[in-house]
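Please read the structure below before turning to the comments.
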Amino acid sequence: MKSTFALRSLGVFGGAATLCLLALPAFAQDAAAAPADPYPYILNTFLFLVTGFLVMWMAAGFAMLEAGLVRTKNVSMQCTKNIALYAVAGLMYWVVGYNVMYDGVDGGYIGTLLPKVIPPIDNDPGSYAAASDWFFQMVFCATTASIVSGTLAERIKLWPFLIFTVVLTGFIYPIEGAWKWGAGWLSPGTDDSWIRTFAGADFQDFAGSTIVHSCGGWAALMGALVLGSRYGKYQDGKAIAMPGSSMPLATLGTFILWLGWFGFNGGSQLALGTMADASAVARIFVNTNLAAAAGVVVAMILTQIFYGKVDITMALNGALAGLVSITAEPLAPVPLWSIIIGGIGGVIVVFTVPLLDKLRIDDVVGAIPVHLVAGIWGTIAVPLTNTDATFLAQIVGIASIGVFVSVVSLVLWVILRFTIGLRPTLEDEIAGLDKAEVGVEAYPEFGTGSQRL
Amino acid sequence: MKSTFALRSLGVFGGAATLCLLALPAFAQDAAAAPADPYPYILNTFLFLVTGFLVMWMAAGFAMLEAGLVRTKNVSMQCTKNIALYAVAGLMYWVVGYNVMYDGVDGGYIGTLLPKVIPPIDNDPGSYAAASDWFFQMVFCATTASIVSGTLAERIKLWPFLIFTVVLTGFIYPIEGAWKWGAGWLSPGTDDSWIRTFAGADFQDFAGSTIVHSCGGWAALMGALVLGSRYGKYQDGKAIAMPGSSMPLATLGTFILWLGWFGFNGGSQLALGTMADASAVARIFVNTNLAAAAGVVVAMILTQIFYGKVDITMALNGALAGLVSITAEPLAPVPLWSIIIGGIGGVIVVFTVPLLDKLRIDDVVGAIPVHLVAGIWGTIAVPLTNTDATFLAQIVGIASIGVFVSVVSLVLWVILRFTIGLRPTLEDEIAGLDKAEVGVEAYPEFGTGSQRL
Amino acid sequence: MKSTFALRSLGVFGGAATLCLLALPAFAQDAAAAPADPYPYILNTFLFLVTGFLVMWMAAGFAMLEAGLVRTKNVSMQCTKNIALYAVAGLMYWVVGYNVMYDGVDGGYIGTLLPKVIPPIDNDPGSYAAASDWFFQMVFCATTASIVSGTLAERIKLWPFLIFTVVLTGFIYPIEGAWKWGAGWLSPGTDDSWIRTFAGADFQDFAGSTIVHSCGGWAALMGALVLGSRYGKYQDGKAIAMPGSSMPLATLGTFILWLGWFGFNGGSQLALGTMADASAVARIFVNTNLAAAAGVVVAMILTQIFYGKVDITMALNGALAGLVSITAEPLAPVPLWSIIIGGIGGVIVVFTVPLLDKLRIDDVVGAIPVHLVAGIWGTIAVPLTNTDATFLAQIVGIASIGVFVSVVSLVLWVILRFTIGLRPTLEDEIAGLDKAEVGVEAYPEFGTGSQRL
């Protein structure tokens, strides 16, 4: 039975593949004349590649963060999910995601349902290599999927999670991304557009506080609601602590994400070919770092005040919340504004994590406070420093994307729950998903492992 | 006795060093006139440096992958081997390796046995800084050595392994590398060459599926044959599972390698000074990522079908096999071809790993399937997408390099076995090499460690 | 009481912040006319950003190195300190550090006590984006703080350490840095300066063997003296081994630092806009790698000779000592000189680590041998390869910076000791700082952890 399912998956991939091969000869061969000055093109392309590999590296960051924050019996599973989701995102964003997001959206809601054609060398019409742009956008798509993985840890089966990831990376993220970054209805760039008429400005989200982080956050929240909490998490009205298995791995993951975020925000300038672009990227680096630093310090001080001790997981999540908060507008703020925006991210983490537990929403790694709540905050804060934004336009963007992602995710999670099922058996959950789903313990010689050779 | 050996090593280094100092004044001081446009030179150099540091980072990837896939009692040893081999490669490739590979090969079999001279600033004659080229080529040499380390884990003494590494990085790899990348007999670049007359084309290996990965794989295979399997690995005709100590470290290592591979393949374009170069590097990034992603997905689906569970080590090795497969030709394929080529890499891993166990060849981390078998596959596949390649030329290259590396490695392993010896005592092997050879346990407070302070 | 302290900290930050907001409108808006050729500006800026993110990554390297070299019961604490110090450095270097170091030092001893203003885009007067320069200098400041963290591990409370970090990153490092890199009295750049008259040359420290590494080393040494050794470390006149908890994490940290050092030294060329700059950066990469490699090999051979076994912690510290040694002058040496300079770094580690134990100076991770002693060596060695340096000027620089950093650090450590106190209670130290100070165990399911869920 398991093999039938897998074979069917192969079939679907094969079908899509055939389609793509057929699409290929349609690519036009009219090479543009080389411009006099090749360096903007080269520098723009190289910016995409360098910042793109930094964002790719964030996939490892999420993997380590989550491996450190789950219990030993679920660590292999979490690693498997993270490498698998990066792979799935990479394929789906080629199969359909990129063109859904960018091809002919034209003020509307969705692009085309076709694989991305990577043009031959010397044939790129634009101001950068099309392949570098695809690569950069792909790693953003993968980041969105990474966010979901952590919240749902320790109690979801592998394949339904991956099926959700297929839809998220091929359709959900690309569609809502199209609305802004694909020049869709939230940002068509024309003065007579609905959004400018209604809200006085386009929706602004520089590097994706809403488009990437809230999107992942909403999808995770819906998953958490449909999936329910881990066995034993909430007893007698209070949340039971289930400490993560490895703080150094969680710390490593946070540092990786912090590093990757320079690519995430810096690369979102999308160009390095002029002095103004270079200055902008540099400024983004500075603001990104200041916001994260503020998030750490604020989270540390607050946990010291409220709990009498610094909580390392809060400090780490404070960094991430600071990063998410500044992501919607990492260019316009002066340093002090970046510190304030990121610092408020730290506040959000400290107060939202226990709140979720009160609501009995089981978010294993704190992804909802960090990516959803801080993402909303960062997006709302844009008009504070960017005069091209309005609060109304920001709220329209946050709300419309929130509703779209939530509804579609909810429907999908419910369908998965009532078809192939989301949760392992209680027995498997207690034994740990590593044994049940992956078959390889994370630490066979210690942790829950018993085997010694 | 141990110190005698070490002192002798110092002596050898000292001798080589004296030689190099003498060689230095020979460097000619005729600076080339600065070209009108300095940017191709700068961009080419910077490409070497950026992609070079990514490949250097792969050394950490191998270290983590191997640390995760061996048992706790051999983890310190594996870490020691990996940092040591990177250091040895870095020295040997300067002492003699680079010039063996690139200096005056001229259609032949070997270059010169001299240290590499790094020219003073402002004195580089070519289209990039000579030092950046050396750095980039050096990290490739180190990668070759990394491959050997994993296969032979848990049962080889430190110093014989390092002596092999000295020869591999100073001579074996540079010689066979010279045949292709040094414009040797497999790729002299002239129409009347033997290889073009006989096989219709030069041997093609863009970034080293054969030159780096198969080379390391053959050396590892010969080592495994001479060394034999770990104590207790094969009992009553079947292979006993000896699970790796840390799946998160293995996962981290795989992500590091994936990241580093963008440098490995992308930097092999060797230039960033024109728009065509930039486009090519971008395209290589995309194809590299697609192949790895396909390797993961295929390995996951196949293990689900055949074993009823996804095997995380197969998923990780699937990524690596996808990467090795696309390395011989990451530029020419359209995306779908990259997916197919990398996906077949995933198939190779799933079927070759158990095959090796049937042959009682003990490959601790699966390096032979990943680097040797997938490397051969990737090299053979080049003519499918690159019209400048022929199957015959590919087979000539694979076979000649395979025979050369295998024979020399085999002889060297046998000499080492019958002189200073390769294996620790059975007692030491059972106790773990960390105690016997390194003296520092990897995890003294857990794992096999007993010490608590 | 704890909250009072924290609230007071918030107040201090708030005050500084208000000051900064006021300072902002003072920024002049006179944009310089754009030069004809924008690419030197862009390339210089991009060099700062790329090498800057590599140096930022070193913060993760220190975190992993230290997490691996302390016992499990102090691992969360060490991770907390490392993420916190990076955050604190990032804030303090903006609040005051950068301008103390670079603004109007003018041959003197200190710059201005003002926050750094990041100019708007298109308004950078220099040959690179001011923000990129700030970012690059900030990560150097953070590195200095990282060095202190390791030496003082396992026996210092969190908040006093962070208060020291505030002063170190805001004042101590920026002041002594100003003396050389801010064109202060050690390097005013004029022929009639005191230093040139007295010592025949400016003090030379290319990338900071003294300014960064010795500075951190002196601060750490003073801390170790004031703080005393860990409970049980020295008994009956001999040092008790307290093995680190995870060799793979220590290895990972070393590889991260090695990688980051390409940015540390390479970026210190401060420019990529000419062919000569590109060649220089490339040469620095090569020398940096050779020195580290030599440090590893020498440390391995020496430990083999003296202890009969290779010591992995010595091999790792050998790499770092090689790196520190070449940092004062990574550009001028020919490869063989780099190997010698780095190799002597390896010698230093092997002999200084036991020496410190004889002096009963408890340096948990070996930071004093690596950063202080090798830093002094590297700085003294500069005139061997750089004709613009004199031994006298080097000694003046080393001594003056050493005295300044030591005295100020000593005073500060003593003040902290007799006010809020430096050490946890003996009970807390024995139980481990994770429980007492952070409240989250690093490995709750193994190591000293007992909790299993």
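Residue names in the structure tokens use chain letters A, B, ... in the order shown, residue numbers from 1 in each chain, and ligand numbers from 1 in the order shown.
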
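What chain B places within 6 Å of chain A, counting only C-alpha atoms, is Ser245, Ser246, Met247, Phe255, Met275, Ala276, Ala278, Ser279, Ala280, Ala282, Arg283, Ala293, Ile301, Ile305, Lys309, Val310, Asp311, Ile312 and Gly447 of chain B.
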
With N, CA, C and O atoms retained, export the selected residues as a short mmCIF file (atom, residue, chain, number, x, y, z; two decimals), in the first residue's frame.
```cif
data_model
loop_
_atom_site.label_atom_id
_atom_site.label_comp_id
_atom_site.auth_asym_id
_atom_site.auth_seq_id
_atom_site.Cartn_x
_atom_site.Cartn_y
_atom_site.Cartn_z
N SER B 245 26.06 7.94 14.90
CA SER B 245 25.81 8.46 16.24
C SER B 245 24.94 9.71 16.28
O SER B 245 24.38 10.03 17.31
N SER B 246 24.81 10.43 15.16
CA SER B 246 24.09 11.70 15.24
C SER B 246 23.52 12.09 13.88
O SER B 246 24.23 12.58 13.00
N MET B 247 22.23 11.90 13.73
CA MET B 247 21.58 12.27 12.47
C MET B 247 21.57 13.78 12.23
O MET B 247 21.73 14.21 11.08
N PHE B 255 23.71 19.49 4.27
CA PHE B 255 23.36 20.86 3.89
C PHE B 255 24.61 21.67 3.57
O PHE B 255 24.63 22.47 2.63
N MET B 275 28.76 38.92 -19.51
CA MET B 275 27.38 38.57 -19.24
C MET B 275 27.14 37.08 -19.46
O MET B 275 26.39 36.44 -18.73
N ALA B 276 27.80 36.54 -20.48
CA ALA B 276 27.63 35.11 -20.75
C ALA B 276 28.15 34.27 -19.57
O ALA B 276 27.53 33.27 -19.18
N ALA B 278 28.27 35.24 -16.41
CA ALA B 278 27.33 35.40 -15.29
C ALA B 278 26.10 34.52 -15.50
O ALA B 278 25.63 33.85 -14.58
N SER B 279 25.60 34.53 -16.73
CA SER B 279 24.44 33.70 -17.03
C SER B 279 24.76 32.22 -16.83
O SER B 279 23.93 31.45 -16.34
N ALA B 280 25.97 31.85 -17.22
CA ALA B 280 26.36 30.44 -17.09
C ALA B 280 26.43 30.03 -15.62
O ALA B 280 25.92 28.98 -15.23
N ALA B 282 24.86 31.31 -13.16
CA ALA B 282 23.49 31.26 -12.64
C ALA B 282 22.79 29.97 -13.05
O ALA B 282 22.13 29.31 -12.24
N ARG B 283 22.96 29.61 -14.30
CA ARG B 283 22.34 28.39 -14.80
C ARG B 283 22.88 27.17 -14.06
O ARG B 283 22.15 26.22 -13.77
N ALA B 293 17.88 18.15 -5.49
CA ALA B 293 16.50 18.00 -5.04
C ALA B 293 15.90 16.70 -5.57
O ALA B 293 15.22 15.96 -4.85
N ILE B 301 11.32 8.31 -2.10
CA ILE B 301 10.23 7.50 -2.66
C ILE B 301 10.66 6.04 -2.76
O ILE B 301 9.90 5.12 -2.41
N ILE B 305 9.08 2.78 -0.92
CA ILE B 305 8.56 1.62 -1.66
C ILE B 305 9.21 0.33 -1.18
O ILE B 305 8.54 -0.66 -0.87
N LYS B 309 9.55 2.56 4.75
CA LYS B 309 9.84 3.75 5.52
C LYS B 309 10.85 4.57 4.76
O LYS B 309 11.68 4.03 4.04
N VAL B 310 10.80 5.86 4.96
CA VAL B 310 11.86 6.69 4.40
C VAL B 310 13.11 6.53 5.25
O VAL B 310 13.04 6.55 6.48
N ASP B 311 14.24 6.37 4.60
CA ASP B 311 15.51 6.24 5.33
C ASP B 311 16.25 7.57 5.19
O ASP B 311 16.62 7.97 4.09
N ILE B 312 16.48 8.22 6.32
CA ILE B 312 17.08 9.55 6.26
C ILE B 312 18.49 9.51 5.69
O ILE B 312 18.90 10.39 4.93
N GLY B 447 27.24 8.92 25.29
CA GLY B 447 27.81 8.02 24.30
C GLY B 447 28.58 6.95 25.02
O GLY B 447 28.17 6.45 26.06
#
```

Long-range neighbours of Pro160 (chain A) as a PDB file with all heavy atoms, in the first residue's frame, 10 Å cut-off, only C-alpha atoms, 2 positions minimum in chain:
```
ATOM      1  N   ILE A 156       3.240  14.835  13.402  1.00  0.00           N
ATOM      2  CA  ILE A 156       2.654  14.760  12.067  1.00  0.00           C
ATOM      3  C   ILE A 156       3.418  13.717  11.262  1.00  0.00           C
ATOM      4  O   ILE A 156       4.636  13.587  11.396  1.00  0.00           O
ATOM      5  CB  ILE A 156       2.685  16.137  11.355  1.00  0.00           C
ATOM      6  CG1 ILE A 156       1.850  16.089  10.070  1.00  0.00           C
ATOM      7  CG2 ILE A 156       4.106  16.590  11.079  1.00  0.00           C
ATOM      8  CD1 ILE A 156       1.629  17.465   9.443  1.00  0.00           C
ATOM      9  N   LYS A 157       2.685  12.978  10.464  1.00  0.00           N
ATOM     10  CA  LYS A 157       3.330  11.979   9.612  1.00  0.00           C
ATOM     11  C   LYS A 157       4.091  12.665   8.481  1.00  0.00           C
ATOM     12  O   LYS A 157       3.757  13.775   8.074  1.00  0.00           O
ATOM     13  CB  LYS A 157       2.276  11.027   9.040  1.00  0.00           C
ATOM     14  CG  LYS A 157       1.699  10.079  10.094  1.00  0.00           C
ATOM     15  CD  LYS A 157       0.919   8.932   9.465  1.00  0.00           C
ATOM     16  CE  LYS A 157      -0.355   9.428   8.830  1.00  0.00           C
ATOM     17  NZ  LYS A 157      -1.181   8.314   8.290  1.00  0.00           N
ATOM     18  N   LEU A 158       5.082  11.986   7.968  1.00  0.00           N
ATOM     19  CA  LEU A 158       5.962  12.590   6.976  1.00  0.00           C
ATOM     20  C   LEU A 158       5.256  12.931   5.665  1.00  0.00           C
ATOM     21  O   LEU A 158       5.325  14.059   5.175  1.00  0.00           O
ATOM     22  CB  LEU A 158       7.143  11.644   6.710  1.00  0.00           C
ATOM     23  CG  LEU A 158       8.172  12.117   5.690  1.00  0.00           C
ATOM     24  CD1 LEU A 158       8.787  13.431   6.105  1.00  0.00           C
ATOM     25  CD2 LEU A 158       9.257  11.051   5.519  1.00  0.00           C
ATOM     26  N   LEU A 162       4.576  16.419   3.533  1.00  0.00           N
ATOM     27  CA  LEU A 162       5.212  16.726   2.252  1.00  0.00           C
ATOM     28  C   LEU A 162       4.185  17.062   1.178  1.00  0.00           C
ATOM     29  O   LEU A 162       4.445  17.889   0.297  1.00  0.00           O
ATOM     30  CB  LEU A 162       6.115  15.570   1.820  1.00  0.00           C
ATOM     31  CG  LEU A 162       7.356  15.398   2.700  1.00  0.00           C
ATOM     32  CD1 LEU A 162       8.193  14.226   2.219  1.00  0.00           C
ATOM     33  CD2 LEU A 162       8.188  16.671   2.728  1.00  0.00           C
ATOM     34  N   ILE A 163       3.028  16.430   1.242  1.00  0.00           N
ATOM     35  CA  ILE A 163       1.981  16.779   0.275  1.00  0.00           C
ATOM     36  C   ILE A 163       1.539  18.224   0.493  1.00  0.00           C
ATOM     37  O   ILE A 163       1.368  18.990  -0.462  1.00  0.00           O
ATOM     38  CB  ILE A 163       0.786  15.812   0.399  1.00  0.00           C
ATOM     39  CG1 ILE A 163       1.221  14.418  -0.061  1.00  0.00           C
ATOM     40  CG2 ILE A 163      -0.419  16.313  -0.410  1.00  0.00           C
ATOM     41  CD1 ILE A 163       0.204  13.331   0.219  1.00  0.00           C
ATOM     42  N   PHE A 164       1.385  18.599   1.766  1.00  0.00           N
ATOM     43  CA  PHE A 164       1.074  20.007   2.038  1.00  0.00           C
ATOM     44  C   PHE A 164       2.157  20.915   1.470  1.00  0.00           C
ATOM     45  O   PHE A 164       1.865  21.963   0.890  1.00  0.00           O
ATOM     46  CB  PHE A 164       0.914  20.238   3.546  1.00  0.00           C
ATOM     47  CG  PHE A 164       0.487  21.648   3.872  1.00  0.00           C
ATOM     48  CD1 PHE A 164      -0.858  21.984   3.888  1.00  0.00           C
ATOM     49  CD2 PHE A 164       1.421  22.637   4.124  1.00  0.00           C
ATOM     50  CE1 PHE A 164      -1.264  23.289   4.158  1.00  0.00           C
ATOM     51  CE2 PHE A 164       1.026  23.946   4.378  1.00  0.00           C
ATOM     52  CZ  PHE A 164      -0.318  24.269   4.398  1.00  0.00           C
ATOM     53  N   THR A 165       3.398  20.486   1.639  1.00  0.00           N
ATOM     54  CA  THR A 165       4.518  21.289   1.138  1.00  0.00           C
ATOM     55  C   THR A 165       4.464  21.449  -0.373  1.00  0.00           C
ATOM     56  O   THR A 165       4.771  22.522  -0.913  1.00  0.00           O
ATOM     57  CB  THR A 165       5.857  20.648   1.557  1.00  0.00           C
ATOM     58  OG1 THR A 165       5.873  20.520   2.975  1.00  0.00           O
ATOM     59  CG2 THR A 165       7.037  21.477   1.114  1.00  0.00           C
ATOM     60  N   VAL A 166       4.066  20.391  -1.067  1.00  0.00           N
ATOM     61  CA  VAL A 166       3.919  20.472  -2.526  1.00  0.00           C
ATOM     62  C   VAL A 166       2.931  21.578  -2.904  1.00  0.00           C
ATOM     63  O   VAL A 166       3.208  22.416  -3.771  1.00  0.00           O
ATOM     64  CB  VAL A 166       3.450  19.106  -3.102  1.00  0.00           C
ATOM     65  CG1 VAL A 166       2.965  19.255  -4.537  1.00  0.00           C
ATOM     66  CG2 VAL A 166       4.574  18.083  -3.008  1.00  0.00           C
ATOM     67  N   TRP A 413      -5.402  21.014   5.066  1.00  0.00           N
ATOM     68  CA  TRP A 413      -5.110  20.201   6.251  1.00  0.00           C
ATOM     69  C   TRP A 413      -6.290  19.291   6.601  1.00  0.00           C
ATOM     70  O   TRP A 413      -6.097  18.123   6.962  1.00  0.00           O
ATOM     71  CB  TRP A 413      -4.805  21.091   7.469  1.00  0.00           C
ATOM     72  CG  TRP A 413      -3.472  21.776   7.461  1.00  0.00           C
ATOM     73  CD1 TRP A 413      -3.246  23.122   7.555  1.00  0.00           C
ATOM     74  CD2 TRP A 413      -2.161  21.175   7.366  1.00  0.00           C
ATOM     75  NE1 TRP A 413      -1.891  23.392   7.525  1.00  0.00           N
ATOM     76  CE2 TRP A 413      -1.214  22.216   7.407  1.00  0.00           C
ATOM     77  CE3 TRP A 413      -1.714  19.859   7.234  1.00  0.00           C
ATOM     78  CZ2 TRP A 413       0.172  21.996   7.340  1.00  0.00           C
ATOM     79  CZ3 TRP A 413      -0.352  19.621   7.160  1.00  0.00           C
ATOM     80  CH2 TRP A 413       0.571  20.674   7.213  1.00  0.00           C
ATOM     81  N   LEU A 416      -6.451  16.436   4.157  1.00  0.00           N
ATOM     82  CA  LEU A 416      -5.396  15.447   4.453  1.00  0.00           C
ATOM     83  C   LEU A 416      -5.760  14.635   5.692  1.00  0.00           C
ATOM     84  O   LEU A 416      -5.550  13.428   5.750  1.00  0.00           O
ATOM     85  CB  LEU A 416      -4.053  16.167   4.659  1.00  0.00           C
ATOM     86  CG  LEU A 416      -3.408  16.707   3.380  1.00  0.00           C
ATOM     87  CD1 LEU A 416      -2.246  17.644   3.723  1.00  0.00           C
ATOM     88  CD2 LEU A 416      -2.928  15.557   2.493  1.00  0.00           C
ATOM     89  N   ARG A 417      -6.320  15.325   6.672  1.00  0.00           N
ATOM     90  CA  ARG A 417      -6.676  14.631   7.907  1.00  0.00           C
ATOM     91  C   ARG A 417      -7.700  13.531   7.655  1.00  0.00           C
ATOM     92  O   ARG A 417      -7.604  12.441   8.212  1.00  0.00           O
ATOM     93  CB  ARG A 417      -7.236  15.651   8.903  1.00  0.00           C
ATOM     94  CG  ARG A 417      -7.695  15.005  10.196  1.00  0.00           C
ATOM     95  CD  ARG A 417      -8.064  16.042  11.227  1.00  0.00           C
ATOM     96  NE  ARG A 417      -8.643  15.373  12.385  1.00  0.00           N
ATOM     97  CZ  ARG A 417      -9.018  16.008  13.494  1.00  0.00           C
ATOM     98  NH1 ARG A 417      -8.862  17.307  13.586  1.00  0.00           N
ATOM     99  NH2 ARG A 417      -9.546  15.342  14.500  1.00  0.00           N
ATOM    100  N   THR A 419      -8.372  12.048   4.775  1.00  0.00           N
ATOM    101  CA  THR A 419      -8.063  11.076   3.716  1.00  0.00           C
ATOM    102  C   THR A 419      -6.906  10.188   4.201  1.00  0.00           C
ATOM    103  O   THR A 419      -7.146   9.155   4.813  1.00  0.00           O
ATOM    104  CB  THR A 419      -7.690  11.788   2.399  1.00  0.00           C
ATOM    105  OG1 THR A 419      -6.675  12.756   2.673  1.00  0.00           O
ATOM    106  CG2 THR A 419      -8.905  12.461   1.800  1.00  0.00           C
ATOM    107  N   ILE A 420      -5.698  10.609   3.958  1.00  0.00           N
ATOM    108  CA  ILE A 420      -4.585   9.737   4.363  1.00  0.00           C
ATOM    109  C   ILE A 420      -4.217   9.895   5.840  1.00  0.00           C
ATOM    110  O   ILE A 420      -3.453   9.112   6.379  1.00  0.00           O
ATOM    111  CB  ILE A 420      -3.328   9.993   3.487  1.00  0.00           C
ATOM    112  CG1 ILE A 420      -2.814  11.429   3.664  1.00  0.00           C
ATOM    113  CG2 ILE A 420      -3.617   9.707   2.027  1.00  0.00           C
ATOM    114  CD1 ILE A 420      -1.478  11.656   2.967  1.00  0.00           C
ATOM    115  N   GLY A 421      -4.819  10.887   6.487  1.00  0.00           N
ATOM    116  CA  GLY A 421      -4.554  11.061   7.918  1.00  0.00           C
ATOM    117  C   GLY A 421      -3.287  11.853   8.174  1.00  0.00           C
ATOM    118  O   GLY A 421      -2.316  11.750   7.436  1.00  0.00           O
ATOM    119  N   LEU A 422      -3.327  12.641   9.245  1.00  0.00           N
ATOM    120  CA  LEU A 422      -2.188  13.496   9.571  1.00  0.00           C
ATOM    121  C   LEU A 422      -1.318  12.920  10.690  1.00  0.00           C
ATOM    122  O   LEU A 422      -0.101  13.033  10.668  1.00  0.00           O
ATOM    123  CB  LEU A 422      -2.677  14.890  10.010  1.00  0.00           C
ATOM    124  CG  LEU A 422      -3.213  15.829   8.931  1.00  0.00           C
ATOM    125  CD1 LEU A 422      -3.746  17.094   9.572  1.00  0.00           C
ATOM    126  CD2 LEU A 422      -2.130  16.163   7.918  1.00  0.00           C
ATOM    127  N   ARG A 423      -1.963  12.350  11.675  1.00  0.00           N
ATOM    128  CA  ARG A 423      -1.217  11.973  12.875  1.00  0.00           C
ATOM    129  C   ARG A 423      -0.833  10.510  12.864  1.00  0.00           C
ATOM    130  O   ARG A 423      -1.577   9.646  12.423  1.00  0.00           O
ATOM    131  CB  ARG A 423      -2.053  12.227  14.134  1.00  0.00           C
ATOM    132  CG  ARG A 423      -2.138  13.695  14.469  1.00  0.00           C
ATOM    133  CD  ARG A 423      -2.784  13.903  15.812  1.00  0.00           C
ATOM    134  NE  ARG A 423      -1.821  13.749  16.882  1.00  0.00           N
ATOM    135  CZ  ARG A 423      -1.651  14.649  17.852  1.00  0.00           C
ATOM    136  NH1 ARG A 423      -2.379  15.734  17.881  1.00  0.00           N
ATOM    137  NH2 ARG A 423      -0.766  14.443  18.803  1.00  0.00           N
TER     138      ARG A 423
END
```

Item to complete: Skip region 371-378 of chain B itself and residues of its chain fewer than 3 positions away, then list as a list in words all residues within 7 Å of it, counting only C-alpha atoms.
Response: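 Everything that qualifies: Ser209, Thr210, His213, Ser214, Gly217, Trp218, Ala321, Val324, Ser325, Ile326, Thr327, Ala328, Gly345, Ile348, Ala367, Ile368, Ala381, Val382 and Ile398 of chain B.
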